[in-house]
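Structure data follow from model35.tsv (TSV, C-alpha atoms):
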```tsv
chain	number	residue	atom	x	y	z
A	1	SER	CA	-3.09	1.47	-3.73
A	2	ILE	CA	-2.34	3.19	-6.99
A	3	PRO	CA	-2.35	6.96	-6.30
A	4	LYS	CA	-5.74	8.47	-7.21
A	5	ALA	CA	-7.35	5.03	-7.34
A	6	GLY	CA	-9.46	5.27	-4.18
A	7	THR	CA	-6.98	5.15	-1.30
A	8	HIS	CA	-9.21	6.94	1.19
A	9	LEU	CA	-12.18	4.82	0.16
A	10	LEU	CA	-10.10	1.81	1.12
A	11	TYR	CA	-9.17	3.39	4.48
A	12	ARG	CA	-12.82	4.06	5.18
A	13	LEU	CA	-13.88	0.55	4.14
A	14	VAL	CA	-11.54	-1.26	6.53
A	15	GLU	CA	-12.31	1.12	9.38
A	16	LEU	CA	-16.03	0.53	8.87
A	17	MET	CA	-15.22	-3.17	9.22
A	18	GLY	CA	-13.66	-2.49	12.60
A	19	TYR	CA	-9.91	-2.15	11.94
A	20	GLY	CA	-8.00	0.50	13.88
A	21	ARG	CA	-5.42	2.87	12.38
A	22	GLY	CA	-2.09	1.18	12.95
A	23	ILE	CA	-0.71	2.80	9.77
A	24	GLU	CA	3.00	2.03	10.28
A	25	PHE	CA	4.47	-0.91	12.15
A	26	SER	CA	7.89	-1.89	13.40
A	27	GLY	CA	8.47	-5.59	13.94
A	28	ASP	CA	5.16	-7.43	14.23
A	29	PRO	CA	1.84	-5.67	13.57
A	30	ALA	CA	-0.84	-5.76	16.29
A	31	PRO	CA	-4.08	-7.63	15.56
A	32	GLY	CA	-7.17	-5.62	14.76
A	33	ASN	CA	-5.36	-2.82	12.93
A	34	TRP	CA	-4.68	-1.88	9.33
A	35	TYR	CA	-1.17	-0.93	8.23
A	36	CYS	CA	0.55	0.29	5.12
A	37	VAL	CA	2.74	-2.43	3.68
A	38	GLU	CA	5.80	-0.22	4.14
A	39	TYR	CA	6.37	2.88	6.27
A	40	SER	CA	3.32	5.18	6.19
A	41	ASN	CA	3.18	4.93	2.41
A	42	SER	CA	-0.07	3.67	0.92
A	43	HIS	CA	1.41	3.72	-2.58
A	44	THR	CA	4.28	1.22	-2.43
A	45	VAL	CA	5.38	0.17	-5.90
A	46	ALA	CA	6.05	-3.58	-6.01
A	47	ARG	CA	9.65	-3.25	-7.19
A	48	ASP	CA	10.47	-0.83	-4.36
A	49	PHE	CA	9.25	-3.35	-1.80
A	50	PHE	CA	10.48	-6.63	-3.25
A	51	ILE	CA	13.80	-5.43	-4.65
A	52	ASP	CA	15.01	-2.24	-2.93
A	53	SER	CA	13.63	-2.99	0.55
A	54	VAL	CA	14.79	-6.61	0.41
A	55	ARG	CA	18.31	-5.40	-0.39
A	56	ARG	CA	18.34	-3.00	2.57
A	57	SER	CA	16.51	-5.08	5.22
A	58	PRO	CA	17.82	-7.76	7.60
A	59	PHE	CA	17.41	-11.37	6.52
A	60	GLY	CA	16.19	-10.37	3.06
A	61	HIS	CA	13.03	-8.82	4.55
A	62	ARG	CA	11.66	-12.32	5.23
A	63	LEU	CA	10.51	-11.30	8.72
A	64	HIS	CA	8.06	-8.81	7.22
A	65	ALA	CA	4.41	-9.56	7.98
A	66	PHE	CA	3.27	-9.30	4.35
A	67	PRO	CA	3.47	-13.00	3.34
A	68	ARG	CA	1.46	-14.00	6.43
A	69	SER	CA	-1.18	-11.27	6.28
A	70	PRO	CA	-4.21	-10.46	4.12
A	71	THR	CA	-3.37	-7.47	1.93
A	72	LEU	CA	-5.93	-5.25	0.20
A	73	PHE	CA	-4.98	-3.50	-3.03
A	74	VAL	CA	-7.21	-1.01	-4.85
A	75	TYR	CA	-6.82	-0.25	-8.57
A	76	ARG	CA	-8.74	1.86	-11.10
A	77	ASN	CA	-9.15	2.44	-14.82
A	78	PRO	CA	-5.89	4.23	-15.78
A	79	LEU	CA	-7.85	6.63	-17.98
A	80	ASP	CA	-9.65	7.86	-14.87
A	81	VAL	CA	-6.46	7.76	-12.79
A	82	VAL	CA	-4.61	10.16	-15.10
A	83	VAL	CA	-7.57	12.56	-15.20
A	84	SER	CA	-7.70	12.53	-11.40
A	85	GLU	CA	-3.96	13.21	-11.31
A	86	ALA	CA	-4.40	16.19	-13.62
A	87	ASN	CA	-7.14	17.57	-11.36
A	88	TYR	CA	-5.10	17.18	-8.18
A	89	TYR	CA	-1.31	16.99	-8.49
A	90	HIS	CA	-0.81	20.68	-9.32
A	91	LYS	CA	-2.48	21.97	-6.15
A	92	ASP	CA	-0.18	23.63	-3.66
A	93	GLY	CA	0.90	21.32	-0.86
A	94	ARG	CA	-0.67	18.18	-2.33
A	95	THR	CA	2.51	16.71	-3.79
A	96	LEU	CA	6.19	17.52	-3.56
A	97	PHE	CA	6.28	17.98	-7.34
A	98	GLY	CA	3.22	20.26	-7.45
A	99	GLY	CA	5.26	23.17	-8.79
A	100	TYR	CA	6.23	21.06	-11.78
A	101	LEU	CA	2.59	21.08	-12.91
A	102	SER	CA	1.16	24.23	-11.33
A	103	GLN	CA	2.13	26.50	-14.23
A	104	LEU	CA	0.22	24.37	-16.75
A	105	ASP	CA	-3.47	24.46	-17.61
A	106	PHE	CA	-5.53	21.26	-17.41
A	107	ARG	CA	-4.90	20.37	-21.06
A	108	ASP	CA	-1.12	20.54	-20.77
A	109	ARG	CA	-1.11	18.84	-17.35
A	110	LEU	CA	-3.03	15.91	-18.75
A	111	LEU	CA	-0.70	15.54	-21.72
A	112	ARG	CA	2.36	15.71	-19.47
A	113	LEU	CA	0.92	13.13	-17.10
A	114	ILE	CA	0.11	10.75	-19.95
A	115	ASP	CA	3.68	10.84	-21.20
A	116	ASP	CA	6.41	12.76	-19.39
A	117	PRO	CA	9.91	11.66	-20.49
A	118	TRP	CA	11.78	13.68	-17.85
A	119	LEU	CA	10.29	13.29	-14.37
A	120	LEU	CA	7.03	11.37	-13.92
A	121	GLY	CA	7.26	8.88	-16.77
A	122	THR	CA	4.13	7.66	-18.52
A	123	ILE	CA	0.84	6.69	-16.95
A	124	ARG	CA	1.83	3.16	-17.96
A	125	ASP	CA	4.99	3.45	-15.85
A	126	ARG	CA	3.15	4.73	-12.79
A	127	VAL	CA	0.23	2.32	-12.91
A	128	GLY	CA	2.22	-0.64	-14.22
A	129	GLY	CA	4.54	-0.55	-11.21
A	130	PHE	CA	1.69	-1.93	-9.10
A	131	LEU	CA	0.70	-4.80	-11.41
A	132	PRO	CA	2.85	-7.47	-9.67
A	133	TRP	CA	0.74	-7.15	-6.51
A	134	LEU	CA	-2.10	-8.85	-8.39
A	135	ASP	CA	-0.15	-12.12	-8.61
A	136	PHE	CA	0.34	-12.69	-4.87
A	137	PRO	CA	-2.14	-15.19	-3.37
A	138	ASN	CA	-2.50	-13.23	-0.10
A	139	VAL	CA	-3.53	-10.05	-1.95
A	140	VAL	CA	-7.19	-9.13	-2.47
A	141	PRO	CA	-7.40	-6.82	-5.52
A	142	ILE	CA	-10.33	-4.40	-5.34
A	143	ALA	CA	-11.49	-2.38	-8.32
A	144	PHE	CA	-12.44	1.25	-7.71
A	145	GLU	CA	-15.43	0.60	-9.97
A	146	GLU	CA	-16.85	-2.03	-7.60
A	147	LEU	CA	-16.01	-0.03	-4.48
A	148	VAL	CA	-17.75	3.30	-5.21
A	149	GLY	CA	-21.26	1.91	-5.60
A	150	ALA	CA	-24.22	3.80	-7.07
A	151	ARG	CA	-23.07	7.17	-5.72
A	152	GLY	CA	-19.90	6.82	-7.78
A	153	GLY	CA	-21.85	5.95	-10.93
A	154	ALA	CA	-21.46	2.17	-10.62
A	155	SER	CA	-23.60	-0.51	-8.97
A	156	ALA	CA	-24.88	-0.78	-5.40
A	157	GLU	CA	-25.27	-4.52	-5.91
A	158	LEU	CA	-21.63	-4.89	-6.97
A	159	GLN	CA	-20.50	-2.81	-4.01
A	160	SER	CA	-22.47	-4.96	-1.56
A	161	ARG	CA	-21.08	-8.14	-3.09
A	162	LEU	CA	-17.56	-6.78	-2.66
A	163	VAL	CA	-18.12	-5.94	1.02
A	164	TRP	CA	-19.68	-9.36	1.63
A	165	SER	CA	-16.77	-11.18	-0.01
A	166	LEU	CA	-14.29	-9.21	2.12
A	167	GLN	CA	-16.24	-10.01	5.27
A	168	LEU	CA	-15.98	-13.70	4.39
A	169	LYS	CA	-12.28	-13.59	3.56
A	170	LEU	CA	-11.30	-11.49	6.57
A	171	HIS	CA	-13.80	-13.09	9.02
A	172	VAL	CA	-15.39	-9.72	9.77
A	173	PRO	CA	-18.88	-9.72	11.34
A	174	GLY	CA	-21.53	-7.11	10.78
A	175	ARG	CA	-24.35	-6.16	8.43
A	176	THR	CA	-23.06	-5.81	4.87
A	177	SER	CA	-25.57	-3.11	3.95
A	178	ASP	CA	-24.47	-0.92	6.88
A	179	VAL	CA	-20.86	-0.98	5.70
A	180	ALA	CA	-21.64	-0.54	2.00
A	181	ALA	CA	-23.91	2.46	2.65
A	182	LYS	CA	-21.09	4.42	4.33
A	183	VAL	CA	-18.07	3.65	2.14
A	184	PHE	CA	-18.45	6.52	-0.34
A	185	ASP	CA	-17.04	9.58	1.42
A	186	GLU	CA	-17.25	12.98	-0.25
A	187	LYS	CA	-15.45	14.55	2.74
A	188	SER	CA	-12.22	12.70	1.99
A	189	PRO	CA	-9.22	15.08	1.96
A	190	THR	CA	-8.32	14.04	-1.58
A	191	PHE	CA	-11.87	13.76	-2.98
A	192	HIS	CA	-12.51	15.33	-6.39
A	193	ALA	CA	-15.43	13.61	-8.09
A	194	GLY	CA	-15.19	9.93	-7.19
A	195	LYS	CA	-16.93	8.88	-10.39
A	196	ILE	CA	-16.29	6.10	-12.86
A	197	ASN	CA	-15.64	7.01	-16.50
A	198	ALA	CA	-14.73	10.60	-15.55
A	199	TYR	CA	-12.23	10.64	-18.41
A	200	ARG	CA	-15.03	10.72	-20.99
A	201	ASP	CA	-15.86	14.33	-20.13
A	202	GLN	CA	-12.26	15.56	-19.92
A	203	PHE	CA	-10.20	13.75	-22.54
A	204	PHE	CA	-9.71	15.37	-25.95
A	205	ASP	CA	-8.34	14.21	-29.29
A	206	GLU	CA	-4.67	14.90	-28.54
A	207	ALA	CA	-4.93	13.18	-25.17
A	208	TYR	CA	-6.55	10.12	-26.72
A	209	ALA	CA	-3.78	10.01	-29.33
A	210	ALA	CA	-1.06	10.22	-26.64
A	211	PHE	CA	-2.73	7.44	-24.65
A	212	GLU	CA	-3.16	5.29	-27.77
A	213	ALA	CA	0.58	5.58	-28.46
A	214	LEU	CA	1.35	3.68	-25.24
A	215	PRO	CA	1.51	-0.14	-25.09
A	216	THR	CA	-1.77	-1.64	-23.88
A	217	ASP	CA	-0.26	-4.25	-21.55
A	218	PHE	CA	-0.99	-2.25	-18.39
A	219	MET	CA	-4.65	-1.84	-19.36
A	220	ASP	CA	-4.95	-5.53	-20.16
A	221	GLY	CA	-3.22	-6.55	-16.93
A	222	TYR	CA	-5.87	-4.91	-14.78
A	223	GLY	CA	-8.74	-6.10	-16.96
A	224	TYR	CA	-9.53	-2.84	-18.77
A	225	GLU	CA	-8.77	-4.22	-22.20
A	226	ALA	CA	-12.19	-3.10	-23.47
A	227	HIS	CA	-11.14	0.48	-22.68
A	228	ASN	CA	-7.98	0.41	-24.77
A	229	VAL	CA	-7.90	3.46	-27.03
A	230	ARG	CA	-8.07	2.47	-30.69
A	231	ASN	CA	-8.52	4.78	-33.64
A	232	GLY	CA	-8.66	7.75	-31.30
A	233	ARG	CA	-11.36	6.48	-28.93
A	234	PRO	CA	-12.01	3.64	-26.47
A	235	ASP	CA	-15.14	1.52	-26.72
A	236	LEU	CA	-17.64	3.81	-25.00
A	237	ASP	CA	-20.20	0.99	-24.86
A	238	ALA	CA	-17.88	-1.29	-22.86
A	239	SER	CA	-18.78	-2.14	-19.29
A	240	PRO	CA	-16.91	0.06	-16.80
A	241	ILE	CA	-16.28	-2.99	-14.61
A	242	PRO	CA	-12.86	-4.58	-15.26
A	243	SER	CA	-12.94	-8.11	-16.59
A	244	ARG	CA	-10.91	-9.60	-13.71
A	245	VAL	CA	-13.35	-8.70	-10.91
A	246	GLU	CA	-14.96	-12.15	-10.86
A	247	GLU	CA	-11.57	-13.86	-10.90
A	248	PHE	CA	-10.30	-11.90	-7.91
A	249	ALA	CA	-13.55	-12.29	-5.96
A	250	ALA	CA	-13.39	-16.08	-6.28
A	251	ARG	CA	-9.67	-16.40	-5.52
A	252	PRO	CA	-9.02	-17.78	-2.01
A	253	LEU	CA	-6.45	-16.19	0.26
A	254	VAL	CA	-3.26	-18.21	0.73
A	255	TYR	CA	-0.59	-17.26	3.27
A	256	SER	CA	2.96	-18.33	3.99
A	257	SER	CA	3.13	-20.82	6.87
A	258	THR	CA	6.75	-20.02	7.73
A	259	SER	CA	7.36	-17.77	10.74
A	260	PHE	CA	11.14	-18.21	11.22
A	261	ASP	CA	10.48	-18.42	14.99
A	262	GLU	CA	12.63	-21.53	15.31
A	263	MET	CA	15.83	-19.74	14.35
A	264	PRO	CA	17.47	-16.58	15.72
A	265	VAL	CA	17.49	-13.74	13.20
A	266	ALA	CA	19.53	-10.56	13.62
A	267	VAL	CA	17.22	-7.58	13.22
A	268	ARG	CA	19.61	-4.73	14.05
A	269	TYR	CA	23.25	-4.38	15.01
A	270	ASP	CA	24.73	-1.89	17.49
A	271	HIS	CA	21.53	-0.17	18.55
A	272	LEU	CA	22.94	1.91	21.44
A	273	GLY	CA	25.36	-0.89	22.17
A	274	PHE	CA	22.87	-3.75	21.71
A	275	ASN	CA	22.35	-6.29	18.97
A	276	ILE	CA	18.63	-7.01	18.46
A	277	VAL	CA	17.70	-10.59	17.65
A	278	ARG	CA	14.28	-12.12	16.98
A	279	HIS	CA	13.74	-15.66	18.23
A	280	GLY	CA	10.74	-17.69	19.37
A	281	GLY	CA	8.35	-14.84	18.63
A	282	GLN	CA	10.22	-12.47	20.95
A	283	TYR	CA	12.85	-9.77	20.53
A	284	LEU	CA	16.12	-9.98	22.45
A	285	GLY	CA	18.43	-7.07	23.20
A	286	ILE	CA	21.91	-8.58	23.60
A	287	PRO	CA	24.67	-6.20	24.77
A	288	GLN	CA	27.60	-6.20	22.40
A	289	GLY	CA	30.37	-8.29	23.93
A	290	VAL	CA	27.96	-10.65	25.72
A	291	ASP	CA	28.22	-14.23	24.43
A	292	PHE	CA	24.63	-15.48	24.32
A	293	ASP	CA	23.08	-18.06	22.01
A	294	PRO	CA	19.27	-18.14	22.42
A	295	VAL	CA	19.08	-21.63	20.89
A	296	THR	CA	21.45	-23.42	23.28
A	297	ALA	CA	21.23	-21.25	26.42
A	298	LYS	CA	19.20	-22.71	29.27
A	299	LYS	CA	18.25	-19.28	30.62
A	300	VAL	CA	18.45	-15.64	29.62
A	301	PRO	CA	21.18	-13.73	31.48
A	302	PRO	CA	20.16	-10.51	33.30
A	303	ALA	CA	22.10	-8.34	30.83
A	304	VAL	CA	19.84	-9.48	27.96
A	305	MET	CA	16.52	-7.69	27.59
A	306	VAL	CA	13.42	-9.48	26.28
A	307	ALA	CA	10.28	-7.92	24.75
A	308	ASN	CA	7.26	-9.03	22.76
A	309	SER	CA	7.66	-6.35	20.09
A	310	LEU	CA	10.50	-4.52	18.42
A	311	SER	CA	9.21	-1.10	19.47
A	312	GLN	CA	8.92	-2.22	23.08
A	313	LEU	CA	12.50	-3.49	23.09
A	314	GLU	CA	13.80	-0.31	21.47
A	315	THR	CA	12.12	1.71	24.23
A	316	MET	CA	13.70	-0.51	26.89
A	317	ILE	CA	17.14	-0.10	25.33
A	318	VAL	CA	16.79	3.68	25.18
A	319	ALA	CA	15.62	3.77	28.81
A	320	ARG	CA	18.62	1.74	29.97
A	321	HIS	CA	20.97	3.84	27.86
A	322	CYS	CA	19.62	7.07	29.37
A	323	ALA	CA	19.79	5.66	32.91
A	324	ASN	CA	23.41	4.63	32.39
A	325	ARG	CA	24.35	8.05	31.05
A	326	ARG	CA	22.72	9.79	34.01
A	327	ALA	CA	24.55	7.50	36.40
A	328	ILE	CA	27.88	8.10	34.68
A	329	LEU	CA	27.42	11.88	34.88
A	330	LEU	CA	26.73	11.48	38.61
A	331	GLY	CA	29.94	9.48	38.99
A	332	ARG	CA	28.32	6.15	39.82
A	333	ASP	CA	29.79	2.82	38.79
A	334	VAL	CA	27.28	1.15	36.50
A	335	ALA	CA	27.63	-2.47	35.55
```
Translate the structure described by the file into structure tokens.
Amino acid sequence: SIPKAGTHLLYRLVELMGYGRGIEFSGDPAPGNWYCVEYSNSHTVARDFFIDSVRRSPFGHRLHAFPRSPTLFVYRNPLDVVVSEANYYHKDGRTLFGGYLSQLDFRDRLLRLIDDPWLLGTIRDRVGGFLPWLDFPNVVPIAFEELVGARGGASAELQSRLVWSLQLKLHVPGRTSDVAAKVFDEKSPTFHAGKINAYRDQFFDEAYAAFEALPTDFMDGYGYEAHNVRNGRPDLDASPIPSRVEEFAARPLVYSSTSFDEMPVAVRYDHLGFNIVRHGGQYLGIPQGVDFDPVTAKKVPPAVMVANSLSQLETMIVARHCANRRAILLGRDVA
């Protein structure tokens, strides 16, 4: 999710649909849980994931579950995002850079967040970094404006239609009205107002001018082209619902069919003396110095550990490592 675009609404939505809090996974995610696409970070910029993480991860990150999993992404009118930032980011303990904004009043915070050349960049930079997620066929883009329903100043009908479409795409049972009625959560730890078009009450002439000076491509990309600021004001009669909502609702989910189970893939080298390899849907802990090819070997030698998940194998390796160290300190000969 884009920060301040409804992250906790999205958490609540999927949990109301029955998903548990997996949050962060190592190896393969467990069914029935929701996870952040990377680490415990809900706000992963596309370039960070597809460029930086690919460069640092084994096998070009192709073992990651993302291409084979449904992925929900929430976005929001950038005009409302930047106002929400200005109402939140300066609060002590909320962000690491809170002190950078805490000495400013709302007016100056908003102007800095619209266009900051030194630290945070422009609102276009921050929001635009998430645009590539829209183009992946396994991603379901969700507009904040269709998620908040009537209590957020939008439409209960649109909210129900969104929940129903997600139930169909994710094969989630249950009564749509029961889920939709509980999504809007004023007790969220980051809740401020949760309203659409909040910018209209808090923007001022200088802020509109700063926003108008930015390219409009990021607004157009999300479908907020009717809200582009022109001549000092956006079109206040424009529908708050982004123009791409219908497109995304009708788009079917398409996943990668490749699992790489047929070939051994090195996941980690020299983990407490073991090389970790994924093959056939399992994880193998192969002691360094042991010559073992999982493709040609007829059986797994006793020295090689096998687990169904990466975390399970890591625990097994640590346990054996600790047992060996205890035995060595006691003077025993350990094979």
Name all residues at most 8 Å from segment 7-15 of chain A (count all atoms listed in the file; drop same-chain ones fewer than 6 positions away) and give them as a list in words. Ser1, Arg21, Trp34, Ser42, Val74, Leu147, Val148, Val179, Val183, Phe184, Asp185, Ser188 and Thr190 of chain A
Of the candidates A:His64, A:Lys182, A:Arg112, A:Arg278, which shows the shortest atom-to-atom distance to Tyr39 of chain A, using all atoms listed in the file?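 Among the listed residues, the smallest separation from Tyr39 of chain A belongs to A:His64.
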Using all atoms listed in the file, I'd like a table of the residues in segment 118-211 of chain A that come within 7 Å of segment 237-255 of chain A; for each, show the closest atom pair and its distance in Å rounded to one decimal, ordered by chain and ascending number, as a tab-separated table.
```
residue	atom	partner	partner_atom	distance
A:Pro137	CA	A:Val254	CA	5.2
A:Asn138	CA	A:Leu253	CA	4.9
A:Val140	CA	A:Phe248	CA	6.9
A:Pro141	CA	A:Phe248	CA	6.3
A:Glu145	CA	A:Ile241	CA	5.9
A:Ser165	CA	A:Ala249	CA	6.9
```
Counting all atoms listed in the file, which residues have an atom no more than 12 Å from (16.0, -8.4, 9.1) in the file's coordinates? Please list them as an MDAnalysis selection string. chainID A and resid 26:27 53:65 260 264:269 275:279 283 310
Using all atoms listed in the file, the best pick from A:Phe274, A:Tyr19, A:Phe25, A:Phe49 as closest to Ala303 of chain A would be A:Phe274
Listing only residues of segment 57-88 of chain A within 10 Å of segment 123-133 of chain A, what is the closest atom pair and its distance in Å (to one decimal) for each, using all atoms listed in the file, sorted by chain and residue number ascending, as a Markdown table?
```
| residue | atom | partner | partner_atom | distance |
| --- | --- | --- | --- | --- |
| A:Thr71 | CA | A:Trp133 | CA | 9.4 |
| A:Leu72 | CA | A:Trp133 | CA | 9.7 |
| A:Phe73 | CA | A:Trp133 | CA | 7.6 |
| A:Val74 | CA | A:Phe130 | CA | 9.9 |
| A:Tyr75 | CA | A:Val127 | CA | 8.7 |
| A:Arg76 | CA | A:Val127 | CA | 9.2 |
| A:Asn77 | CA | A:Val127 | CA | 9.6 |
| A:Pro78 | CA | A:Val127 | CA | 7.0 |
| A:Leu79 | CA | A:Ile123 | CA | 8.8 |
| A:Val81 | CA | A:Ile123 | CA | 8.5 |
| A:Val82 | CA | A:Ile123 | CA | 6.7 |
| A:Glu85 | CA | A:Ile123 | CA | 9.9 |
```
Using all atoms listed in the file, which of the listed residues (A:Ala181, A:Ala30, A:Ile196, A:Leu134) sits closest to Leu16 of chain A?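 Closest candidate: A:Ala181.
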For Gln282 of chain A, which residue among A:Asp28, A:Gly152, A:Gly98, A:Ala143 is the nearest when counting only C-alpha atoms? A:Asp28
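The shortest atom-to-atom distance to Leu158 of chain A, with only C-alpha atoms taken into account, belongs to A:Ile142 out of A:His171, A:Ile142, A:Ala209, A:Asp235.
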Just give me the gap between atom CA of Tyr199 of chain A and atom CA of Arg161 of chain A in Å, one decimal is fine.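 Distance between the two atoms: 25.8 Å.
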Distance of atom CA of Glu262 of chain A from atom CA of Ser311 of chain A, expressed in Å to one decimal place: 21.1 Å
